[in-house]
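Heads up, the thing below is written out as structure tokens.
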Amino acid sequence: MTKVISIIDSKKHVGEKVKIGAWVANKSGKGKILFLQFRDGTAFFQGVVVKNEVGEEMFQTAKSLTQETSVWVTGVIREDTRSKFGYEIGIEAIEVVGTSAEYPITPKEHGTDFLMDHRHLWLRSRKQHAVMQVRNEIIRATYEFYNKEGFVKMDSPILTGTAAEGTTDLFETDYFGRPAYLAQTGQLYAEAGAMAFGKVFTFGPTFRAEKSKTRRHLTEFWMIEPEMAFTTHEESLVVQERYVAFLVQSVLDNCDYALDVLERDKELLKSYTQLPFPRISYDDAIELLQKNGFDDIVWGDDFGSPHETFIANSFSKPVFILNYPKAIKAFYMKPHPTRDDVVICADLIAPEGYGEIIGGSERATDVEYLEEKIKEEGLNQEDYEWYLDLRRYGSVPHSGFGLGLERMVTWISGNEHIREAIPFPRMLHRIFP
Ligand code: ATP
Ligand code: MG
Ligand code: MG
Ligand code: MG
């Protein structure tokens, strides 16, 4: 029996006769030779059909294959330096598994709306395949990193009884007659986890009813939220930069072909693995912007995308912006020990205009301070008693952060828009397919 292999493993089978289950991606050639491009989900590959070798009937079958027809291909793998894949299969037999009607996505250019409407098919394309490989690698490397560092993976609930960070941007749903909300973050639960297990990370979907249309916001996105007991913010920053550098290096090590497809500059990516990342205070960042003609921003404002882009471009590396005004950050952040107006926190801004990828902070431990903040935010203290308990029973300094998976994927892939970083994106006007 001929051995069944995946395309990705073809180089281990040079000279052997193998069988591959695949879809036809493209077809070219004329006369007596036909080139077929296949994909099987692991990679793309070229097959060659020579009329004199396979005979008239098989050659006609090959010629009649339409895009996305599924087939079993049998043949011998050979090295071919001229082919962009490095290897090809000399086809001996083709067996059609499922025919394909006229395929809507052709190699020609399509508009974004059209492609988004056909996302279930668009995912089959070479570029989308490459982006999903990068996403998969970042997920894999995340588990590797935190497992090695002794973190416990802890799942936080998706359905929650209260708002974690305030009530704007919340998706509300009915929970047996009472309101419930889709989690915006796993943060507060991760803190409970850190008090129970020391070092934890949550990794799950989070939801925000983002009503603005930007290139960086989804309404459903995945977040990795590490939380560490007995850890200062300074120590957390070191974990953050080591983690981000590890993700970049892992993609460089394991997604070489995908990065080629995405035409991503690997030397540039490599430069992002050099640590430490530069830091700038919020105060200095405001001053930097004002000195450079941004008269639309004053101390106290949150940065918009042009601001973040300008700051990041001033460093050409991921950059930490430290100690934001208290008023624009979440209630649980630790107030600065010597300044009343800022909290101990940082955002990590990606280079090349990809914006904020991490938000992190040291957490407030003072119960009275937290009670005050909860009141100020208009939240119901009763709902947060469990959270305040974490301070009542053996409170310790602790810090953590959240990294947006799709922001990271978008940056590493060099994509313009976040919608391509998740298989089925959810945005203001998009909940289908
Ligand atoms: P932004 O300022 O870009 O709106 P944020 O400060 O509201 O982000 P955080 O609450 O700090 O976001 O969430 C932590 C991380 O989650 C962000 O640094 C970002 O990587 C990611 N993130 C936040 N909102 C979104 C979103 N709507 N879509 C995709 N990723 C997001
Ligand atoms: Mg936001
Ligand atoms: Mg922000
Ligand atoms: Mg943030």
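Chain labels run A, B, ... following the order of the structure tokens; each chain numbers its residues from 1, and ligands are numbered from 1 in the order shown.
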
task: Compute the set of protein, DNA and RNA residues whose minimum atom distance to ligand 2 is at most 12 Å, using only C-alpha atoms and all ligand atoms, and state it as number ranges by chain.
output: A: 165-166, 168-170, 184-185, 207-214, 216-219, 221, 302-305, 328-330, 347, 355-359, 404

Write out, as an mmCIF file, in the first residue's frame, the residues just selected, with N, CA and C atoms.
data_model
loop_
_atom_site.group_PDB
_atom_site.id
_atom_site.type_symbol
_atom_site.label_atom_id
_atom_site.label_comp_id
_atom_site.auth_asym_id
_atom_site.auth_seq_id
_atom_site.Cartn_x
_atom_site.Cartn_y
_atom_site.Cartn_z
ATOM 1 N N GLU A 165 -14.372 46.095 34.666
ATOM 2 C CA GLU A 165 -13.654 47.376 34.576
ATOM 3 C C GLU A 165 -14.574 48.550 34.301
ATOM 4 N N GLY A 166 -15.823 48.460 34.697
ATOM 5 C CA GLY A 166 -16.756 49.538 34.361
ATOM 6 C C GLY A 166 -17.741 49.044 33.317
ATOM 7 N N THR A 168 -19.102 50.446 30.463
ATOM 8 C CA THR A 168 -19.120 50.722 29.027
ATOM 9 C C THR A 168 -18.563 49.517 28.287
ATOM 10 N N ASP A 169 -18.938 49.376 27.029
ATOM 11 C CA ASP A 169 -18.404 48.312 26.178
ATOM 12 C C ASP A 169 -18.790 46.891 26.606
ATOM 13 N N LEU A 170 -19.813 46.772 27.450
ATOM 14 C CA LEU A 170 -20.197 45.432 27.909
ATOM 15 C C LEU A 170 -21.294 44.826 27.048
ATOM 16 N N GLN A 184 -15.023 40.966 29.837
ATOM 17 C CA GLN A 184 -14.143 41.888 29.094
ATOM 18 C C GLN A 184 -12.696 41.520 29.355
ATOM 19 N N THR A 185 -12.472 40.796 30.431
ATOM 20 C CA THR A 185 -11.125 40.447 30.897
ATOM 21 C C THR A 185 -11.258 39.354 31.941
ATOM 22 N N PHE A 207 -14.694 39.904 25.472
ATOM 23 C CA PHE A 207 -15.711 40.567 24.644
ATOM 24 C C PHE A 207 -15.835 42.041 24.997
ATOM 25 N N ARG A 208 -15.867 42.868 23.991
ATOM 26 C CA ARG A 208 -16.089 44.302 24.237
ATOM 27 C C ARG A 208 -16.945 44.863 23.124
ATOM 28 N N ALA A 209 -17.989 45.541 23.538
ATOM 29 C CA ALA A 209 -18.887 46.125 22.536
ATOM 30 C C ALA A 209 -18.261 47.397 21.980
ATOM 31 N N GLU A 210 -17.201 47.243 21.228
ATOM 32 C CA GLU A 210 -16.477 48.382 20.638
ATOM 33 C C GLU A 210 -17.334 48.934 19.504
ATOM 34 N N LYS A 211 -17.811 50.154 19.690
ATOM 35 C CA LYS A 211 -18.718 50.675 18.687
ATOM 36 C C LYS A 211 -18.005 51.468 17.600
ATOM 37 N N SER A 212 -16.724 51.696 17.803
ATOM 38 C CA SER A 212 -16.000 52.446 16.771
ATOM 39 C C SER A 212 -15.362 51.473 15.788
ATOM 40 N N LYS A 213 -15.191 51.949 14.582
ATOM 41 C CA LYS A 213 -14.559 51.121 13.552
ATOM 42 C C LYS A 213 -13.085 51.485 13.501
ATOM 43 N N THR A 214 -12.220 50.612 13.976
ATOM 44 C CA THR A 214 -10.795 50.878 13.841
ATOM 45 C C THR A 214 -10.141 49.638 13.241
ATOM 46 N N ARG A 216 -7.897 48.065 14.727
ATOM 47 C CA ARG A 216 -7.312 47.329 15.844
ATOM 48 C C ARG A 216 -8.303 46.723 16.814
ATOM 49 N N HIS A 217 -9.579 46.999 16.625
ATOM 50 C CA HIS A 217 -10.550 46.527 17.602
ATOM 51 C C HIS A 217 -11.508 45.491 17.031
ATOM 52 N N LEU A 218 -11.585 44.369 17.723
ATOM 53 C CA LEU A 218 -12.590 43.354 17.456
ATOM 54 C C LEU A 218 -13.572 43.397 18.630
ATOM 55 N N THR A 219 -14.766 42.847 18.465
ATOM 56 C CA THR A 219 -15.676 42.776 19.612
ATOM 57 C C THR A 219 -15.461 41.484 20.391
ATOM 58 N N PHE A 221 -12.191 38.961 21.117
ATOM 59 C CA PHE A 221 -10.770 38.704 20.901
ATOM 60 C C PHE A 221 -10.223 37.858 22.043
ATOM 61 N N ASP A 302 -5.906 59.923 27.021
ATOM 62 C CA ASP A 302 -5.355 58.637 26.593
ATOM 63 C C ASP A 302 -4.826 58.830 25.171
ATOM 64 N N PHE A 303 -3.861 58.012 24.794
ATOM 65 C CA PHE A 303 -3.288 58.155 23.464
ATOM 66 C C PHE A 303 -4.204 57.566 22.402
ATOM 67 N N GLY A 304 -4.256 58.223 21.262
ATOM 68 C CA GLY A 304 -4.924 57.648 20.111
ATOM 69 C C GLY A 304 -3.888 56.962 19.252
ATOM 70 N N SER A 305 -4.377 56.330 18.197
ATOM 71 C CA SER A 305 -3.473 55.555 17.363
ATOM 72 C C SER A 305 -2.336 56.383 16.738
ATOM 73 N N ILE A 328 -7.616 57.644 33.820
ATOM 74 C CA ILE A 328 -7.926 56.918 32.576
ATOM 75 C C ILE A 328 -7.590 55.434 32.680
ATOM 76 N N LYS A 329 -7.268 54.968 33.889
ATOM 77 C CA LYS A 329 -6.943 53.550 34.038
ATOM 78 C C LYS A 329 -7.904 52.855 34.993
ATOM 79 N N ALA A 330 -7.887 51.522 34.952
ATOM 80 C CA ALA A 330 -8.843 50.726 35.718
ATOM 81 C C ALA A 330 -8.665 50.926 37.229
ATOM 82 N N ASP A 347 1.787 50.375 29.348
ATOM 83 C CA ASP A 347 1.296 49.761 28.118
ATOM 84 C C ASP A 347 2.518 49.458 27.274
ATOM 85 N N GLY A 355 0.359 49.638 17.411
ATOM 86 C CA GLY A 355 -0.401 50.037 18.596
ATOM 87 C C GLY A 355 -0.174 49.196 19.832
ATOM 88 N N GLU A 356 -1.052 49.407 20.803
ATOM 89 C CA GLU A 356 -0.936 48.749 22.114
ATOM 90 C C GLU A 356 -1.117 47.243 21.992
ATOM 91 N N ILE A 357 -0.156 46.485 22.495
ATOM 92 C CA ILE A 357 -0.350 45.030 22.518
ATOM 93 C C ILE A 357 -0.496 44.489 23.935
ATOM 94 N N ILE A 358 0.046 45.230 24.924
ATOM 95 C CA ILE A 358 -0.090 44.800 26.316
ATOM 96 C C ILE A 358 -0.524 45.975 27.182
ATOM 97 N N GLY A 359 -1.389 45.689 28.137
ATOM 98 C CA GLY A 359 -1.676 46.624 29.210
ATOM 99 C C GLY A 359 -1.417 45.887 30.514
ATOM 100 N N GLY A 404 -3.115 41.060 23.979
ATOM 101 C CA GLY A 404 -4.147 40.730 22.999
ATOM 102 C C GLY A 404 -3.572 39.860 21.892
#

- prompt: Can you list every residue in region 308-430 of chain A that DSSP puts in helix (DSSP H, G or I), as a PyMOL selection string?
  reply: chain A and resi 308-313+326-328+367-376+381-392+405-413+418-421

message: For the strand (DSSP E or B) assignment from backbone DSSP, which residues of region 138-365 of chain A qualify? Please present them as JSON, numbers by chain.
response: {"A": [152, 153, 159, 160, 172, 173, 174, 175, 178, 179, 180, 181, 182, 199, 200, 201, 202, 203, 204, 205, 206, 207, 220, 221, 222, 223, 224, 225, 226, 227, 228, 229, 279, 280, 281, 319, 320, 321, 322, 325, 333, 335, 342, 343, 345, 346, 347, 348, 349, 350, 355, 356, 357, 358, 359, 360, 361, 362, 363]}

Shell of 10 Å around Pro157 (chain A), only C-alpha atoms, local chain residues under 4 positions omitted, as a PyMOL selection string: chain A and resi 161+182-183+185-186+189+202+204-206

Just-selected residues, N, CA and C atoms written as an mmCIF file, in the first residue's frame:
data_model
loop_
_atom_site.group_PDB
_atom_site.id
_atom_site.type_symbol
_atom_site.label_atom_id
_atom_site.label_comp_id
_atom_site.auth_asym_id
_atom_site.auth_seq_id
_atom_site.Cartn_x
_atom_site.Cartn_y
_atom_site.Cartn_z
ATOM 1 N N GLY A 161 -21.189 38.039 36.529
ATOM 2 C CA GLY A 161 -22.324 38.732 37.132
ATOM 3 C C GLY A 161 -22.130 40.238 37.218
ATOM 4 N N LEU A 182 -20.778 39.287 29.237
ATOM 5 C CA LEU A 182 -19.660 38.527 28.677
ATOM 6 C C LEU A 182 -18.365 39.184 29.154
ATOM 7 N N ALA A 183 -17.426 38.369 29.587
ATOM 8 C CA ALA A 183 -16.202 38.888 30.217
ATOM 9 C C ALA A 183 -15.410 39.805 29.287
ATOM 10 N N THR A 185 -12.472 40.796 30.431
ATOM 11 C CA THR A 185 -11.125 40.447 30.897
ATOM 12 C C THR A 185 -11.258 39.354 31.941
ATOM 13 N N GLY A 186 -10.190 38.587 32.134
ATOM 14 C CA GLY A 186 -10.210 37.566 33.183
ATOM 15 C C GLY A 186 -9.467 38.031 34.422
ATOM 16 N N TYR A 189 -10.296 37.511 38.250
ATOM 17 C CA TYR A 189 -10.229 36.083 38.594
ATOM 18 C C TYR A 189 -8.783 35.594 38.606
ATOM 19 N N THR A 202 -4.355 33.253 32.417
ATOM 20 C CA THR A 202 -5.622 32.884 31.796
ATOM 21 C C THR A 202 -5.443 33.072 30.293
ATOM 22 N N GLY A 204 -8.253 33.131 27.142
ATOM 23 C CA GLY A 204 -9.585 32.822 26.665
ATOM 24 C C GLY A 204 -10.158 33.983 25.888
ATOM 25 N N PRO A 205 -11.362 33.789 25.355
ATOM 26 C CA PRO A 205 -11.994 34.870 24.605
ATOM 27 C C PRO A 205 -12.500 35.962 25.541
ATOM 28 N N THR A 206 -12.402 37.197 25.110
ATOM 29 C CA THR A 206 -12.934 38.323 25.873
ATOM 30 C C THR A 206 -13.777 39.157 24.914
#

- prompt: Within 12 Å of Ile431 (chain A), counting only C-alpha atoms, which residues qualify if same-chain residues fewer than 4 places away don't, as JSON, numbers by chain?
  reply: {"A": [116, 117, 119, 218, 219, 220, 419, 424, 425, 426, 427]}

- request: Identify, on the basis of only C-alpha atoms, every residue whose closest approach to Gly198 (chain A) does not exceed 10 Å; exclude the query and any residue fewer than 6 positions from it along the same chain; express the result as number ranges by chain.
  value: A: 150-152, 191-192, 227-231, 398

Nearest candidate to Phe331 (chain A) (options A:Cys345, A:Met408, A:Ala196, A:Val396; using only C-alpha atoms): A:Cys345

statement: Pairwise distance, atom 13 (O, counted along the ligand's line) of ligand 1 with CA of Tyr354 (chain A), equals 14.3 Å

query: Which residues come within 7 Å of region 86-98 of chain A, counting only C-alpha atoms, excluding same-chain residues fewer than 5 positions away, as a PyMOL selection string?
result: chain A and resi 11+45-49+54+58+69-81

Keeping N, CA and C atoms, export the residues of the selection given above as a PDB file, in the first residue's frame.
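And here is the file that came out, part_33.pdb:
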ATOM      1  N   LYS A  11       9.484  16.503   2.202  1.00  0.00           N
ATOM      2  CA  LYS A  11      10.953  16.418   2.035  1.00  0.00           C
ATOM      3  C   LYS A  11      11.567  15.196   2.714  1.00  0.00           C
ATOM      4  N   PHE A  45       1.896  22.917  -2.480  1.00  0.00           N
ATOM      5  CA  PHE A  45       2.801  22.007  -3.148  1.00  0.00           C
ATOM      6  C   PHE A  45       2.480  21.958  -4.625  1.00  0.00           C
ATOM      7  N   GLN A  46       3.510  21.639  -5.419  1.00  0.00           N
ATOM      8  CA  GLN A  46       3.258  21.530  -6.861  1.00  0.00           C
ATOM      9  C   GLN A  46       3.282  20.076  -7.330  1.00  0.00           C
ATOM     10  N   GLY A  47       2.376  19.752  -8.215  1.00  0.00           N
ATOM     11  CA  GLY A  47       2.369  18.447  -8.855  1.00  0.00           C
ATOM     12  C   GLY A  47       2.514  18.622 -10.358  1.00  0.00           C
ATOM     13  N   VAL A  48       3.194  17.671 -10.991  1.00  0.00           N
ATOM     14  CA  VAL A  48       3.395  17.761 -12.436  1.00  0.00           C
ATOM     15  C   VAL A  48       2.786  16.536 -13.098  1.00  0.00           C
ATOM     16  N   VAL A  49       1.977  16.799 -14.116  1.00  0.00           N
ATOM     17  CA  VAL A  49       1.378  15.690 -14.871  1.00  0.00           C
ATOM     18  C   VAL A  49       1.915  15.731 -16.296  1.00  0.00           C
ATOM     19  N   VAL A  54       1.376   9.504 -18.007  1.00  0.00           N
ATOM     20  CA  VAL A  54       0.134   9.027 -17.362  1.00  0.00           C
ATOM     21  C   VAL A  54      -0.914   8.507 -18.351  1.00  0.00           C
ATOM     22  N   MET A  58      -5.919   9.789 -17.950  1.00  0.00           N
ATOM     23  CA  MET A  58      -5.520  10.438 -16.699  1.00  0.00           C
ATOM     24  C   MET A  58      -5.188  11.905 -16.935  1.00  0.00           C
ATOM     25  N   THR A  69     -11.364  21.381  -6.156  1.00  0.00           N
ATOM     26  CA  THR A  69     -11.725  19.968  -6.222  1.00  0.00           C
ATOM     27  C   THR A  69     -10.821  19.219  -5.245  1.00  0.00           C
ATOM     28  N   SER A  70     -11.402  18.298  -4.479  1.00  0.00           N
ATOM     29  CA  SER A  70     -10.582  17.511  -3.561  1.00  0.00           C
ATOM     30  C   SER A  70     -10.182  16.204  -4.235  1.00  0.00           C
ATOM     31  N   VAL A  71      -8.929  15.830  -4.003  1.00  0.00           N
ATOM     32  CA  VAL A  71      -8.382  14.665  -4.725  1.00  0.00           C
ATOM     33  C   VAL A  71      -7.441  13.838  -3.854  1.00  0.00           C
ATOM     34  N   TRP A  72      -7.257  12.589  -4.243  1.00  0.00           N
ATOM     35  CA  TRP A  72      -6.118  11.789  -3.776  1.00  0.00           C
ATOM     36  C   TRP A  72      -5.105  11.819  -4.908  1.00  0.00           C
ATOM     37  N   VAL A  73      -3.899  12.244  -4.603  1.00  0.00           N
ATOM     38  CA  VAL A  73      -2.846  12.287  -5.613  1.00  0.00           C
ATOM     39  C   VAL A  73      -1.804  11.236  -5.272  1.00  0.00           C
ATOM     40  N   THR A  74      -1.416  10.433  -6.245  1.00  0.00           N
ATOM     41  CA  THR A  74      -0.356   9.451  -6.023  1.00  0.00           C
ATOM     42  C   THR A  74       0.803   9.752  -6.961  1.00  0.00           C
ATOM     43  N   GLY A  75       2.027   9.672  -6.430  1.00  0.00           N
ATOM     44  CA  GLY A  75       3.190   9.921  -7.274  1.00  0.00           C
ATOM     45  C   GLY A  75       4.476   9.878  -6.480  1.00  0.00           C
ATOM     46  N   VAL A  76       5.562  10.240  -7.146  1.00  0.00           N
ATOM     47  CA  VAL A  76       6.887  10.179  -6.521  1.00  0.00           C
ATOM     48  C   VAL A  76       7.365  11.598  -6.187  1.00  0.00           C
ATOM     49  N   ILE A  77       7.816  11.780  -4.940  1.00  0.00           N
ATOM     50  CA  ILE A  77       8.345  13.091  -4.506  1.00  0.00           C
ATOM     51  C   ILE A  77       9.754  13.267  -5.057  1.00  0.00           C
ATOM     52  N   ARG A  78       9.981  14.411  -5.670  1.00  0.00           N
ATOM     53  CA  ARG A  78      11.365  14.690  -6.082  1.00  0.00           C
ATOM     54  C   ARG A  78      11.745  16.120  -5.724  1.00  0.00           C
ATOM     55  N   GLU A  79      13.047  16.275  -5.553  1.00  0.00           N
ATOM     56  CA  GLU A  79      13.551  17.598  -5.250  1.00  0.00           C
ATOM     57  C   GLU A  79      13.491  18.412  -6.528  1.00  0.00           C
ATOM     58  N   ASP A  80      13.123  19.659  -6.419  1.00  0.00           N
ATOM     59  CA  ASP A  80      13.137  20.512  -7.600  1.00  0.00           C
ATOM     60  C   ASP A  80      13.432  21.937  -7.164  1.00  0.00           C
ATOM     61  N   THR A  81      14.652  22.335  -7.359  1.00  0.00           N
ATOM     62  CA  THR A  81      15.076  23.651  -6.877  1.00  0.00           C
ATOM     63  C   THR A  81      14.399  24.775  -7.658  1.00  0.00           C
TER      64      THR A  81
END

message: Between A:Glu308, A:Glu287, A:Glu382, A:Glu241, which residue has the minimum interatomic distance to ligand 3, considering only C-alpha atoms and all ligand atoms?
response: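 Of A:Glu308, A:Glu287, A:Glu382, A:Glu241, the one nearest ligand 3, counting only C-alpha atoms and all ligand atoms, is A:Glu308.
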
task: Pick out the residues sitting within 9 Å of region 2-7 of chain A, and hand them over as an MDAnalysis selection string; count only C-alpha atoms, and ignore anything fewer than 6 positions along from it in its own chain.
output: chainID A and resid 13 16:22 38:45 74

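Across the structure, CA of Gly353 (chain A) and CA of Tyr143 (chain A) are spaced 27.1 Å apart.
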
query: Which one is closest to ligand 1: A:Thr309, A:Thr99, A:Gln67, A:Ser395? Count only C-alpha atoms and all ligand atoms.
result: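 Looking at the shortest contact to ligand 1, the residue is A:Thr309.
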
- prompt: What does the distance from CA of His429 (chain A) to CA of Leu348 (chain A) come to in Å, to one decimal?
  reply: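 Separation of CA of His429 (chain A) and CA of Leu348 (chain A): 28.5 Å.
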
query: From the set A:Asp256, A:Gly31, A:Ala346, A:Pro397, which residue has the shortest atom-to-atom contact distance to ligand 3, counting only C-alpha atoms and all ligand atoms?
result: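 For ligand 3, the nearest of the candidates is A:Ala346.
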
statement: Using only C-alpha atoms, the shortest atom-to-atom distance to Leu268 (chain A) among A:Arg215, A:Asp389, A:Pro306, A:Trp411 belongs to A:Trp411

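Here the question is which of A:Lys199, A:Thr162, A:His120, A:Ala141 gets nearest to Phe432 (chain A) using only C-alpha atoms, and that residue is A:His120.
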